[in-house]
Amino acid sequence: MTAALVLLLGVAALTAHTVVNAGRWLRRPTDRPVRVTETVAVLLPLRDEATRVTPCLRALLAQRGVPGLRVLVLDDGSTDGTAEVVRAVAAGEPRVTLLTGTAPPPGWLGKPHACWQLATRAGESATALVFVDADVVLGPYAVAAAVTELRAAGATLLSPYPRIVVRSVADRLVQPLLQWLWLTFLPLRAMERSPRPSLAAAGGQFLVVDRAGYLRAGGHAAVADRVLEDIELARAVKRSGDRIALADGSRLATCRMYEDWPQLRDGYTKSLWATFGHPVAAAGVVTLLLLLYTAPPLVAGVALLAGAPAVAGIAGLAYLAGVAGRLVSARATGGRAWPDALGHPVSVAVLGWLTLRSYHLRKRRRLSWRGRPVG
């Protein structure tokens, strides 16, 4: 009985925190027409994205409210004709510059090196840099709204998280955990105000930075060997004395991160070890998540079979509190809320397995992404 009450109180407290974050502290840039007068460089790194880049690039060329828009695209060693697709889509478009990337030197991973090449070619006239991944499709005022929110927040880095497009069962189980984790466990207001680098989060799919502050923090050169270059860049900005901010960008952009289960599995596997750090810390976090969110429905079922309805009721309430937190997170970030939230215990269990797999493959030096070793 006591253990079940502790579980209920713990989950209820975390769900309350999710509600406060989502309802009070989460920034929501407008999706209405807005205009910025500064020069903005949109930076698009590509590696074997021939099948996905067209919607992204067309959306960039359709941006409104940014008369000083420039788009720099870097072909990072693609072998599938990505550069040819870019040339076809941007034919006759003077705002687009296509660059040919160089192989990352020793000590660099591919994504930070590609981003750094783009940033250093953006030019001094661009006062804001917008990093976008090929799987992101922006709304017509997304760049203008994101830059406006960056300036309103007084931040050097703003991460407007896109709405994640989910289609498969695997998508629906795993992808919503991204927003749920930081809404549930990260105090957003404290993150913006605190200078502590450990209080940082960011998503590299759609990232907006003040160019001067980005360079002051060392840019992607400061995170050259980091698998989670987006979060590490946010920490570098904090270490340089500047501020960061998170925002709900679901009204500004959509993102289809992975096409199938193998891609999703391998995408999370390559980076989860870097999310948690030391294996002992990872084991502690995963164990806590499993106890809080996966154990309650199991406890409820066992308690019913054992003839302990009171314990079953408390454990059932703990499960429902976890479901409520998932619902709040989904509704706050444009995600699919129902009935997916009912499977939250399974989602957390899958996350635990992916984390274990990540550490297992890293220990054996078998982690790779897009043909390049990581970790």
# chains A, B, ... in the order shown; residues from 1 in each chain; ligands from 1
>>> closest_atom_pairs(of="region 204-318 of chain A", to="region 348-361 of chain A", cutoff="9 Å", atoms="only C-alpha atoms", output="JSON lines")
{"residue": "A:Arg265", "atom": "CA", "partner": "A:Leu354", "partner_atom": "CA", "distance": 7.1}
{"residue": "A:Asp266", "atom": "CA", "partner": "A:Ser358", "partner_atom": "CA", "distance": 8.7}
{"residue": "A:Tyr268", "atom": "CA", "partner": "A:Leu354", "partner_atom": "CA", "distance": 6.8}
{"residue": "A:Thr269", "atom": "CA", "partner": "A:Ser358", "partner_atom": "CA", "distance": 4.4}
{"residue": "A:Lys270", "atom": "CA", "partner": "A:Ser358", "partner_atom": "CA", "distance": 6.2}
{"residue": "A:Ser271", "atom": "CA", "partner": "A:Ser358", "partner_atom": "CA", "distance": 7.2}
{"residue": "A:Leu272", "atom": "CA", "partner": "A:Thr355", "partner_atom": "CA", "distance": 5.6}
{"residue": "A:Trp273", "atom": "CA", "partner": "A:Tyr359", "partner_atom": "CA", "distance": 5.6}
{"residue": "A:Phe276", "atom": "CA", "partner": "A:Thr355", "partner_atom": "CA", "distance": 8.8}
{"residue": "A:Pro279", "atom": "CA", "partner": "A:Tyr359", "partner_atom": "CA", "distance": 7.4}
{"residue": "A:Ala282", "atom": "CA", "partner": "A:Thr355", "partner_atom": "CA", "distance": 7.8}
{"residue": "A:Ala283", "atom": "CA", "partner": "A:Leu356", "partner_atom": "CA", "distance": 8.6}
{"residue": "A:Val286", "atom": "CA", "partner": "A:Gly352", "partner_atom": "CA", "distance": 5.8}
{"residue": "A:Thr287", "atom": "CA", "partner": "A:Gly352", "partner_atom": "CA", "distance": 8.2}
{"residue": "A:Leu289", "atom": "CA", "partner": "A:Val348", "partner_atom": "CA", "distance": 6.9}
{"residue": "A:Leu290", "atom": "CA", "partner": "A:Val348", "partner_atom": "CA", "distance": 6.6}
{"residue": "A:Tyr293", "atom": "CA", "partner": "A:Val348", "partner_atom": "CA", "distance": 6.9}
{"residue": "A:Thr294", "atom": "CA", "partner": "A:Ala349", "partner_atom": "CA", "distance": 6.6}
>>> closest_atom_pairs(of="region 242-351 of chain A", to="region 49-72 of chain A", cutoff="10 Å", atoms="only C-alpha atoms", output="tab-separated table")
residue	atom	partner	partner_atom	distance
A:Ala253	CA	A:Ala59	CA	9.8
A:Thr254	CA	A:Cys56	CA	9.9
A:Cys255	CA	A:Cys56	CA	9.6
A:Arg256	CA	A:Arg52	CA	9.5
>>> residues_around(residues="Asp260 (chain A)", least_positions_apart="3", cutoff="9 Å", atoms="only C-alpha atoms", output="list in words")
Ser168, Ala170, Asp171, Gln263, Leu264 and Arg265 of chain A
>>> write_last_selection(atoms="N, CA and C atoms", output="CSV table (one decimal), in the first residue's frame")
chain,number,residue,atom,x,y,z
A,168,SER,N,3.4,5.3,-38.1
A,168,SER,CA,3.4,3.9,-37.7
A,168,SER,C,3.2,3.7,-36.2
A,170,ALA,N,5.3,2.3,-34.2
A,170,ALA,CA,6.5,2.6,-33.6
A,170,ALA,C,6.6,4.1,-33.4
A,171,ASP,N,6.3,4.9,-34.4
A,171,ASP,CA,6.3,6.4,-34.3
A,171,ASP,C,5.4,6.8,-33.1
A,263,GLN,N,15.0,2.7,-39.0
A,263,GLN,CA,15.5,4.1,-38.9
A,263,GLN,C,15.3,4.7,-37.5
A,264,LEU,N,14.1,4.5,-37.0
A,264,LEU,CA,13.8,5.1,-35.7
A,264,LEU,C,14.7,4.4,-34.6
A,265,ARG,N,14.7,3.1,-34.7
A,265,ARG,CA,15.5,2.3,-33.7
A,265,ARG,C,17.0,2.8,-33.7
>>> select_by_dssp(residues="region 80-252 of chain A", states="helix (DSSP H, G or I)", output="PyMOL selection string")
chain A and resi 82-89+110-120+142-153+169-174+177-185+188-193+211-216+219-223+229-239
>>> select_by_dssp(residues="region 50-218 of chain A", states="strand (DSSP E or B)", output="PyMOL selection string")
chain A and resi 69-75+96-100+128-132+136-138+157-161+163-164+206-210
>>> closest_residue(among="A:Gly277, A:Gly249, A:Pro94, A:Pro345", to="Ala332 (chain A)", atoms="only C-alpha atoms")
A:Gly249
>>> closest_residue(among="A:Ala281, A:Tyr319, A:Ala119, A:Val6", to="Leu298 (chain A)", atoms="only C-alpha atoms")
A:Tyr319
>>> residues_around(residues="Ala295 (chain A)", least_positions_apart="2", cutoff="12 Å", atoms="only C-alpha atoms", output="ChimeraX atom specification")
/A:3-4,7-8,11,287-293,297-303,312,315-316,318-319,322,344-346,348-349
>>> closest_residue(among="A:Trp261, A:Phe206, A:Phe131, A:Tyr161", to="Thr333 (chain A)", atoms="only C-alpha atoms")
A:Tyr161
>>> closest_residue(among="A:Val285, A:Leu207, A:Ala22, A:Val165", to="Val132 (chain A)", atoms="only C-alpha atoms")
A:Leu207
>>> residues_around(residues="Trp338 (chain A)", least_positions_apart="5", cutoff="10 Å", atoms="only C-alpha atoms", output="PyMOL selection string")
chain A and resi 323+326-327+330-331+343
>>> closest_residue(among="A:Ala103, A:Leu199, A:Ala337, A:Val130", to="Val73 (chain A)", atoms="only C-alpha atoms")
A:Val130
>>> atom_distance(atom1="CA of Ala41 (chain A)", atom2="CA of Pro160 (chain A)")
16.6 Å
>>> residues_around(residues="Ser194 (chain A)", least_positions_apart="2", cutoff="12 Å", atoms="only C-alpha atoms", output="ChimeraX atom specification")
/A:187-192,196-200,235,238-239,241-245
>>> residues_around(residues="Leu99 (chain A)", least_positions_apart="4", cutoff="10 Å", atoms="only C-alpha atoms", output="JSON, numbers by chain")
{"A": [45, 72, 73, 74, 75, 76, 83, 117, 118, 121]}
>>> write_last_selection(atoms="all heavy atoms", output="mmCIF file, in the first residue's frame")
data_model
loop_
_atom_site.group_PDB
_atom_site.id
_atom_site.type_symbol
_atom_site.label_atom_id
_atom_site.label_comp_id
_atom_site.auth_asym_id
_atom_site.auth_seq_id
_atom_site.Cartn_x
_atom_site.Cartn_y
_atom_site.Cartn_z
ATOM 1 N N PRO A 45 21.871 21.523 -43.941
ATOM 2 C CA PRO A 45 22.857 20.471 -44.222
ATOM 3 C C PRO A 45 22.172 19.219 -44.758
ATOM 4 O O PRO A 45 21.153 18.791 -44.218
ATOM 5 C CB PRO A 45 23.487 20.224 -42.843
ATOM 6 C CG PRO A 45 22.388 20.549 -41.870
ATOM 7 C CD PRO A 45 21.525 21.603 -42.514
ATOM 8 N N LEU A 72 21.333 28.750 -47.617
ATOM 9 C CA LEU A 72 22.581 28.068 -47.933
ATOM 10 C C LEU A 72 22.385 26.577 -47.712
ATOM 11 O O LEU A 72 21.972 26.152 -46.629
ATOM 12 C CB LEU A 72 23.729 28.570 -47.047
ATOM 13 C CG LEU A 72 24.435 29.863 -47.473
ATOM 14 C CD1 LEU A 72 23.524 31.065 -47.233
ATOM 15 C CD2 LEU A 72 25.734 30.038 -46.716
ATOM 16 N N VAL A 73 22.654 25.803 -48.745
ATOM 17 C CA VAL A 73 22.491 24.358 -48.705
ATOM 18 C C VAL A 73 23.858 23.715 -48.853
ATOM 19 O O VAL A 73 24.648 24.114 -49.725
ATOM 20 C CB VAL A 73 21.563 23.868 -49.836
ATOM 21 C CG1 VAL A 73 21.348 22.367 -49.730
ATOM 22 C CG2 VAL A 73 20.238 24.619 -49.807
ATOM 23 N N LEU A 74 24.156 22.731 -48.000
ATOM 24 C CA LEU A 74 25.435 22.040 -48.083
ATOM 25 C C LEU A 74 25.217 20.565 -48.376
ATOM 26 O O LEU A 74 24.520 19.874 -47.630
ATOM 27 C CB LEU A 74 26.234 22.198 -46.788
ATOM 28 C CG LEU A 74 27.635 21.572 -46.839
ATOM 29 C CD1 LEU A 74 28.699 22.581 -46.446
ATOM 30 C CD2 LEU A 74 27.725 20.348 -45.937
ATOM 31 N N ASP A 75 25.784 20.109 -49.489
ATOM 32 C CA ASP A 75 25.744 18.688 -49.820
ATOM 33 C C ASP A 75 26.923 18.016 -49.134
ATOM 34 O O ASP A 75 28.071 18.172 -49.531
ATOM 35 C CB ASP A 75 25.822 18.504 -51.337
ATOM 36 C CG ASP A 75 25.810 17.038 -51.733
ATOM 37 O OD1 ASP A 75 25.257 16.230 -50.963
ATOM 38 O OD2 ASP A 75 26.383 16.699 -52.785
ATOM 39 N N ASP A 76 26.618 17.242 -48.096
ATOM 40 C CA ASP A 76 27.641 16.662 -47.237
ATOM 41 C C ASP A 76 27.990 15.236 -47.681
ATOM 42 O O ASP A 76 27.669 14.260 -47.013
ATOM 43 C CB ASP A 76 27.140 16.670 -45.784
ATOM 44 C CG ASP A 76 28.184 16.194 -44.791
ATOM 45 O OD1 ASP A 76 29.388 16.248 -45.105
ATOM 46 O OD2 ASP A 76 27.785 15.747 -43.697
ATOM 47 N N ALA A 83 22.398 16.655 -54.518
ATOM 48 C CA ALA A 83 22.755 17.952 -55.103
ATOM 49 C C ALA A 83 21.952 18.224 -56.371
ATOM 50 O O ALA A 83 21.511 19.367 -56.609
ATOM 51 C CB ALA A 83 24.252 17.994 -55.401
ATOM 52 N N GLN A 117 30.423 24.483 -41.431
ATOM 53 C CA GLN A 117 30.753 24.962 -42.774
ATOM 54 C C GLN A 117 29.706 25.958 -43.269
ATOM 55 O O GLN A 117 30.034 26.983 -43.877
ATOM 56 C CB GLN A 117 30.850 23.775 -43.741
ATOM 57 C CG GLN A 117 32.050 22.875 -43.515
ATOM 58 C CD GLN A 117 32.030 21.696 -44.467
ATOM 59 O OE1 GLN A 117 32.456 21.798 -45.617
ATOM 60 N NE2 GLN A 117 31.508 20.557 -43.996
ATOM 61 N N LEU A 118 28.447 25.656 -43.031
ATOM 62 C CA LEU A 118 27.374 26.558 -43.440
ATOM 63 C C LEU A 118 27.449 27.883 -42.695
ATOM 64 O O LEU A 118 27.334 28.961 -43.294
ATOM 65 C CB LEU A 118 26.020 25.896 -43.195
ATOM 66 C CG LEU A 118 25.616 24.802 -44.183
ATOM 67 C CD1 LEU A 118 24.477 23.962 -43.619
ATOM 68 C CD2 LEU A 118 25.205 25.413 -45.518
ATOM 69 N N ARG A 121 30.036 30.310 -43.819
ATOM 70 C CA ARG A 121 29.816 30.851 -45.159
ATOM 71 C C ARG A 121 28.600 31.772 -45.220
ATOM 72 O O ARG A 121 28.276 32.293 -46.290
ATOM 73 C CB ARG A 121 29.629 29.701 -46.147
ATOM 74 C CG ARG A 121 30.859 28.824 -46.362
ATOM 75 C CD ARG A 121 31.940 29.537 -47.149
ATOM 76 N NE ARG A 121 31.502 29.829 -48.496
ATOM 77 C CZ ARG A 121 31.602 28.966 -49.513
ATOM 78 N NH1 ARG A 121 32.134 27.763 -49.314
ATOM 79 N NH2 ARG A 121 31.194 29.313 -50.723
#
>>> closest_residue(among="A:Ser368, A:Ser347, A:Ser250, A:Thr18", to="Leu173 (chain A)", atoms="only C-alpha atoms")
A:Ser347
>>> atom_distance(atom1="CA of Arg163 (chain A)", atom2="CA of Leu252 (chain A)")
8.2 Å
